[in-house]
file protein.txt (compact mmCIF, C-alpha atoms)
# COMPACT_ATOMS: atom_id res chain seq x y z
CA MET A 1 0.00 0.00 0.00
CA THR A 2 1.26 3.49 -0.79
CA ASN A 3 1.43 6.34 1.74
CA ALA A 4 -1.45 8.06 -0.08
CA GLN A 5 -3.62 4.96 0.35
CA ILE A 6 -2.62 4.53 4.01
CA ILE A 7 -3.42 8.19 4.78
CA GLY A 8 -6.64 8.15 2.72
CA ASN A 9 -7.94 5.09 4.57
CA ALA A 10 -7.07 6.73 7.90
CA GLN A 11 -8.87 9.96 6.89
CA ASP A 12 -11.99 7.97 6.04
CA ALA A 13 -11.90 6.11 9.37
CA LEU A 14 -11.23 9.32 11.35
CA LEU A 15 -14.11 11.11 9.59
CA ARG A 16 -16.49 8.23 10.39
CA ALA A 17 -15.33 8.27 14.02
CA GLY A 18 -15.88 12.05 14.26
CA LYS A 19 -12.23 12.83 15.04
CA ILE A 20 -11.80 15.04 11.96
CA LYS A 21 -14.27 17.28 10.17
CA PRO A 22 -15.68 17.15 6.65
CA THR A 23 -14.66 19.91 4.22
CA GLY A 24 -18.20 20.42 2.95
CA ARG A 25 -17.36 18.96 -0.45
CA VAL A 26 -18.71 15.61 -1.63
CA LEU A 27 -16.77 12.99 -3.56
CA ARG A 28 -18.72 10.99 -6.14
CA ALA A 29 -17.77 7.58 -7.57
CA VAL A 30 -19.38 4.61 -9.27
CA ASP A 31 -19.04 1.18 -7.67
CA GLY A 32 -18.62 -2.12 -9.50
CA ALA A 33 -22.41 -2.58 -9.80
CA GLY A 34 -22.80 0.82 -11.50
CA ASN A 35 -24.31 2.55 -8.45
CA GLU A 36 -23.25 6.12 -7.73
CA ILE A 37 -21.68 6.57 -4.31
CA THR A 38 -21.30 9.93 -2.57
CA VAL A 39 -18.89 10.35 0.31
CA PRO A 40 -18.09 13.52 2.27
CA GLU A 41 -14.52 14.71 1.77
CA ALA A 42 -12.43 14.64 4.96
CA GLU A 43 -10.21 17.52 6.03
CA PRO A 44 -6.54 16.92 5.26
CA ILE A 45 -4.16 15.36 7.76
CA HIS A 46 -0.38 15.79 7.60
CA THR A 47 2.67 15.31 9.78
CA TYR A 48 4.00 18.20 11.86
CA GLN A 49 6.89 18.66 9.43
CA THR A 50 4.60 18.75 6.38
CA TRP A 51 2.31 21.38 7.98
CA LYS A 52 5.43 23.42 8.81
CA GLU A 53 6.66 23.19 5.20
CA MET A 54 3.20 24.34 4.03
CA GLY A 55 3.42 27.46 6.23
CA PHE A 56 1.30 26.31 9.17
CA GLN A 57 1.99 25.77 12.85
CA VAL A 58 0.30 23.12 14.99
CA GLN A 59 -1.49 24.94 17.81
CA ARG A 60 -0.03 24.61 21.29
CA GLY A 61 -1.43 21.68 23.28
CA GLU A 62 -2.85 19.80 20.28
CA LYS A 63 -2.39 16.04 20.25
CA ALA A 64 -2.06 14.02 17.04
CA VAL A 65 -5.38 12.72 15.67
CA CYS A 66 -3.64 9.47 14.76
CA LYS A 67 -0.32 7.70 14.41
CA LEU A 68 0.25 5.74 11.23
CA HIS A 69 2.92 3.43 9.89
CA ILE A 70 4.02 4.99 6.60
CA TRP A 71 6.84 4.40 4.15
CA LYS A 72 9.96 6.56 4.40
CA HIS A 73 12.61 6.84 1.69
CA THR A 74 16.28 7.23 2.53
CA THR A 75 19.57 7.19 0.65
CA ARG A 76 23.03 6.55 1.98
CA LYS A 77 26.52 5.81 0.72
CA ALA A 78 27.29 2.10 0.86
CA LYS A 79 30.57 1.08 2.52
CA THR A 80 32.97 -1.01 0.50
CA ASP A 81 35.17 -3.80 1.87
CA ASP A 82 38.12 -1.44 2.26
CA GLY A 83 36.03 1.01 4.33
CA SER A 84 35.60 3.72 1.70
CA GLU A 85 32.26 4.99 0.48
CA GLY A 86 30.79 3.28 -2.55
CA GLU A 87 27.57 3.69 -4.53
CA THR A 88 24.52 5.50 -3.22
CA VAL A 89 22.01 2.99 -1.87
CA SER A 90 18.32 3.83 -1.79
CA GLN A 91 15.94 2.06 0.56
CA MET A 92 12.39 2.22 1.87
CA PHE A 93 11.31 1.33 5.40
CA MET A 94 8.19 1.61 7.54
CA THR A 95 8.16 4.21 10.29
CA SER A 96 5.56 5.57 12.68
CA ALA A 97 4.41 9.16 12.18
CA ALA A 98 1.98 11.41 14.07
CA PHE A 99 -0.65 13.20 12.00
CA PHE A 100 -2.50 16.45 12.72
CA ALA A 101 -5.73 17.68 11.11
CA MET A 102 -6.39 21.06 9.53
CA HIS A 103 -8.54 22.21 12.46
CA GLN A 104 -5.46 21.81 14.70
CA VAL A 105 -3.20 24.21 12.79
CA LYS A 106 -3.02 27.93 12.10
CA PRO A 107 -0.99 29.96 9.61
CA ALA A 108 2.57 30.36 10.88
CA ASN A 109 2.42 34.16 10.50
CA ALA A 110 -0.61 34.52 12.79
call {"tool": "encode", "arguments": {"input": "protein.txt", "output": "structure tokens"}}
result
Amino acid sequence: MTNAQIIGNAQDALLRAGKIKPTGRVLRAVDGAGNEITVPEAEPIHTYQTWKEMGFQVQRGEKAVCKLHIWKHTTRKAKTDDGSEGETVSQMFMTSAAFFAMHQVKPANA
């Protein structure tokens, strides 16, 4: 599963549980039987670092709405037998990350 799928599934579950708010927009899709499905769109959730990069600050005292295991990408220089640095090695691993919802942040300038 990709990070987008992991986060999307979590948003859906958090919206159903009432932990995050709907945006007011409705998503429409057609299921396998040809029936139209409408689902309320959930407010976005991001990590603290992502909100910061987007120009927002998590409000003081707010707790994460959820913690998810997501994929993280890293690169490093591989060590050769003689101890010197070799090729760049890229790898993916699962890590735990705390996520905050839009109602928990404010613009960083405010």
call {"tool": "residues_around", "arguments": {"input": "protein.txt", "residues": "segment 18-20 of chain A", "least_positions_apart": "5", "cutoff": "10 Å", "atoms": "all atoms listed in the file", "output": "ChimeraX atom specification"}}
result
/A:11-13,42-45,65-66,100-104
call {"tool": "atom_distance", "arguments": {"input": "protein.txt", "atom1": "atom CA of Gln49 of chain A", "atom2": "atom CA of Leu27 of chain A"}}
result
27.6 Å
call {"tool": "atom_distance", "arguments": {"input": "protein.txt", "atom1": "atom CA of Leu15 of chain A", "atom2": "atom CA of Val39 of chain A"}}
result
10.5 Å
call {"tool": "atom_distance", "arguments": {"input": "protein.txt", "atom1": "atom CA of Ile6 of chain A", "atom2": "atom CA of Ala29 of chain A"}}
result
19.3 Å
call {"tool": "residues_around", "arguments": {"input": "protein.txt", "residues": "segment 91-94 of chain A", "least_positions_apart": "3", "cutoff": "8 Å", "atoms": "all atoms listed in the file", "output": "PyMOL selection string"}}
result
chain A and resi 69-75
call {"tool": "write_last_selection", "arguments": {"input": "protein.txt", "atoms": "C-alpha atoms", "output": "short mmCIF file (atom, residue, chain, number, x, y, z; two decimals), in the frame of the given file"}}
result
data_model
loop_
_atom_site.label_atom_id
_atom_site.label_comp_id
_atom_site.auth_asym_id
_atom_site.auth_seq_id
_atom_site.Cartn_x
_atom_site.Cartn_y
_atom_site.Cartn_z
CA HIS A 69 2.92 3.43 9.89
CA ILE A 70 4.02 4.99 6.60
CA TRP A 71 6.84 4.40 4.15
CA LYS A 72 9.96 6.56 4.40
CA HIS A 73 12.61 6.84 1.69
CA THR A 74 16.28 7.23 2.53
CA THR A 75 19.57 7.19 0.65
#
call {"tool": "residues_around", "arguments": {"input": "protein.txt", "residues": "Gln57 of chain A", "least_positions_apart": "4", "cutoff": "8 Å", "atoms": "all atoms listed in the file", "output": "MDAnalysis selection string"}}
result
chainID A and resid 48 51:52 105:108
call {"tool": "closest_residue", "arguments": {"input": "protein.txt", "among": "A:Ser96, A:Val30, A:Thr47, A:Ile37", "to": "Ala64 of chain A", "atoms": "only C-alpha atoms"}}
result
A:Thr47
call {"tool": "closest_residue", "arguments": {"input": "protein.txt", "among": "A:Thr50, A:Thr80, A:Gln59, A:Thr2", "to": "Phe99 of chain A", "atoms": "all atoms listed in the file"}}
result
A:Thr50
call {"tool": "closest_residue", "arguments": {"input": "protein.txt", "among": "A:Val89, A:Glu41, A:Ser84, A:Leu14", "to": "Arg28 of chain A", "atoms": "all atoms listed in the file"}}
result
A:Glu41
call {"tool": "closest_residue", "arguments": {"input": "protein.txt", "among": "A:Arg16, A:Arg25, A:Ala98, A:Glu85", "to": "Val58 of chain A", "atoms": "all atoms listed in the file"}}
result
A:Ala98
call {"tool": "decode", "arguments": {"input": "protein.txt", "residues": "segment 47-95 of chain A", "atoms": "N, CA and C atoms", "output": "short mmCIF file (atom, residue, chain, number, x, y, z; two decimals), in the first residue's frame"}}
result
data_model
loop_
_atom_site.label_atom_id
_atom_site.label_comp_id
_atom_site.auth_asym_id
_atom_site.auth_seq_id
_atom_site.Cartn_x
_atom_site.Cartn_y
_atom_site.Cartn_z
N THR A 47 1.74 15.35 8.67
CA THR A 47 2.67 15.31 9.78
C THR A 47 3.02 16.74 10.20
N TYR A 48 3.59 16.88 11.37
CA TYR A 48 4.00 18.20 11.86
C TYR A 48 4.94 18.86 10.86
N GLN A 49 5.91 18.11 10.36
CA GLN A 49 6.89 18.66 9.43
C GLN A 49 6.23 19.13 8.14
N THR A 50 5.28 18.36 7.62
CA THR A 50 4.60 18.75 6.38
C THR A 50 3.79 20.03 6.59
N TRP A 51 3.06 20.14 7.70
CA TRP A 51 2.31 21.38 7.98
C TRP A 51 3.29 22.55 8.04
N LYS A 52 4.44 22.36 8.69
CA LYS A 52 5.43 23.42 8.81
C LYS A 52 5.93 23.86 7.42
N GLU A 53 6.21 22.88 6.56
CA GLU A 53 6.66 23.19 5.20
C GLU A 53 5.58 23.92 4.40
N MET A 54 4.32 23.70 4.73
CA MET A 54 3.20 24.34 4.03
C MET A 54 2.88 25.72 4.61
N GLY A 55 3.62 26.13 5.66
CA GLY A 55 3.42 27.46 6.23
C GLY A 55 2.44 27.51 7.38
N PHE A 56 2.21 26.38 8.04
CA PHE A 56 1.30 26.31 9.17
C PHE A 56 2.04 25.88 10.42
N GLN A 57 1.44 26.17 11.57
CA GLN A 57 1.99 25.77 12.85
C GLN A 57 0.91 25.01 13.61
N VAL A 58 1.25 23.86 14.16
CA VAL A 58 0.30 23.12 14.99
C VAL A 58 0.09 23.94 16.26
N GLN A 59 -1.17 24.12 16.64
CA GLN A 59 -1.49 24.94 17.81
C GLN A 59 -1.00 24.26 19.09
N ARG A 60 -0.56 25.09 20.02
CA ARG A 60 -0.03 24.61 21.29
C ARG A 60 -1.05 23.72 21.99
N GLY A 61 -0.58 22.59 22.51
CA GLY A 61 -1.43 21.68 23.28
C GLY A 61 -2.18 20.65 22.45
N GLU A 62 -2.13 20.76 21.13
CA GLU A 62 -2.85 19.80 20.28
C GLU A 62 -2.13 18.45 20.27
N LYS A 63 -2.90 17.40 20.33
CA LYS A 63 -2.39 16.04 20.25
C LYS A 63 -2.69 15.49 18.85
N ALA A 64 -1.86 14.61 18.37
CA ALA A 64 -2.06 14.02 17.04
C ALA A 64 -3.41 13.31 16.98
N VAL A 65 -4.10 13.43 15.84
CA VAL A 65 -5.38 12.72 15.67
C VAL A 65 -5.15 11.24 15.44
N CYS A 66 -3.96 10.88 14.94
CA CYS A 66 -3.64 9.47 14.76
C CYS A 66 -2.14 9.30 14.54
N LYS A 67 -1.69 8.09 14.74
CA LYS A 67 -0.32 7.70 14.41
C LYS A 67 -0.43 6.58 13.40
N LEU A 68 0.31 6.71 12.31
CA LEU A 68 0.25 5.74 11.23
C LEU A 68 1.64 5.21 10.91
N HIS A 69 1.68 3.98 10.42
CA HIS A 69 2.92 3.43 9.89
C HIS A 69 2.94 3.75 8.40
N ILE A 70 3.90 4.58 8.00
CA ILE A 70 4.02 4.99 6.60
C ILE A 70 5.42 4.64 6.09
N TRP A 71 5.56 4.67 4.77
CA TRP A 71 6.84 4.40 4.15
C TRP A 71 7.72 5.65 4.16
N LYS A 72 8.99 5.46 4.44
CA LYS A 72 9.96 6.56 4.40
C LYS A 72 11.09 6.14 3.47
N HIS A 73 11.53 7.09 2.64
CA HIS A 73 12.61 6.84 1.69
C HIS A 73 13.90 7.45 2.22
N THR A 74 14.98 6.72 2.10
CA THR A 74 16.28 7.23 2.53
C THR A 74 17.35 6.79 1.54
N THR A 75 18.40 7.56 1.46
CA THR A 75 19.57 7.19 0.65
C THR A 75 20.80 7.32 1.53
N ARG A 76 21.77 6.48 1.23
CA ARG A 76 23.03 6.55 1.98
C ARG A 76 24.14 6.02 1.09
N LYS A 77 25.35 6.33 1.45
CA LYS A 77 26.52 5.81 0.72
C LYS A 77 26.86 4.44 1.29
N ALA A 78 26.94 3.45 0.43
CA ALA A 78 27.29 2.10 0.86
C ALA A 78 28.79 2.04 1.18
N LYS A 79 29.15 1.27 2.16
CA LYS A 79 30.57 1.08 2.52
C LYS A 79 31.12 -0.09 1.72
N THR A 80 32.31 0.08 1.22
CA THR A 80 32.97 -1.01 0.50
C THR A 80 33.80 -1.82 1.48
N ASP A 81 34.37 -2.92 1.00
CA ASP A 81 35.17 -3.80 1.87
C ASP A 81 36.37 -3.10 2.48
N ASP A 82 36.93 -2.14 1.74
CA ASP A 82 38.12 -1.44 2.26
C ASP A 82 37.77 -0.25 3.16
N GLY A 83 36.46 -0.04 3.42
CA GLY A 83 36.03 1.01 4.33
C GLY A 83 35.69 2.33 3.67
N SER A 84 35.94 2.47 2.38
CA SER A 84 35.60 3.72 1.70
C SER A 84 34.13 3.71 1.28
N GLU A 85 33.64 4.89 0.90
CA GLU A 85 32.26 4.99 0.48
C GLU A 85 32.11 4.54 -0.96
N GLY A 86 31.04 3.78 -1.21
CA GLY A 86 30.79 3.28 -2.55
C GLY A 86 29.58 3.96 -3.17
N GLU A 87 28.76 3.18 -3.86
CA GLU A 87 27.57 3.69 -4.53
C GLU A 87 26.53 4.19 -3.53
N THR A 88 25.64 5.04 -4.03
CA THR A 88 24.52 5.50 -3.22
C THR A 88 23.45 4.41 -3.21
N VAL A 89 23.02 4.03 -2.03
CA VAL A 89 22.01 2.99 -1.87
C VAL A 89 20.71 3.65 -1.44
N SER A 90 19.64 3.29 -2.10
CA SER A 90 18.32 3.83 -1.79
C SER A 90 17.50 2.73 -1.14
N GLN A 91 16.77 3.07 -0.08
CA GLN A 91 15.94 2.06 0.56
C GLN A 91 14.67 2.68 1.14
N MET A 92 13.67 1.84 1.29
CA MET A 92 12.39 2.22 1.87
C MET A 92 12.21 1.41 3.15
N PHE A 93 11.62 2.05 4.17
CA PHE A 93 11.31 1.33 5.40
C PHE A 93 10.05 1.93 6.01
N MET A 94 9.40 1.15 6.85
CA MET A 94 8.19 1.61 7.54
C MET A 94 8.60 2.34 8.81
N THR A 95 7.92 3.46 9.07
CA THR A 95 8.16 4.21 10.29
C THR A 95 6.83 4.72 10.81
#
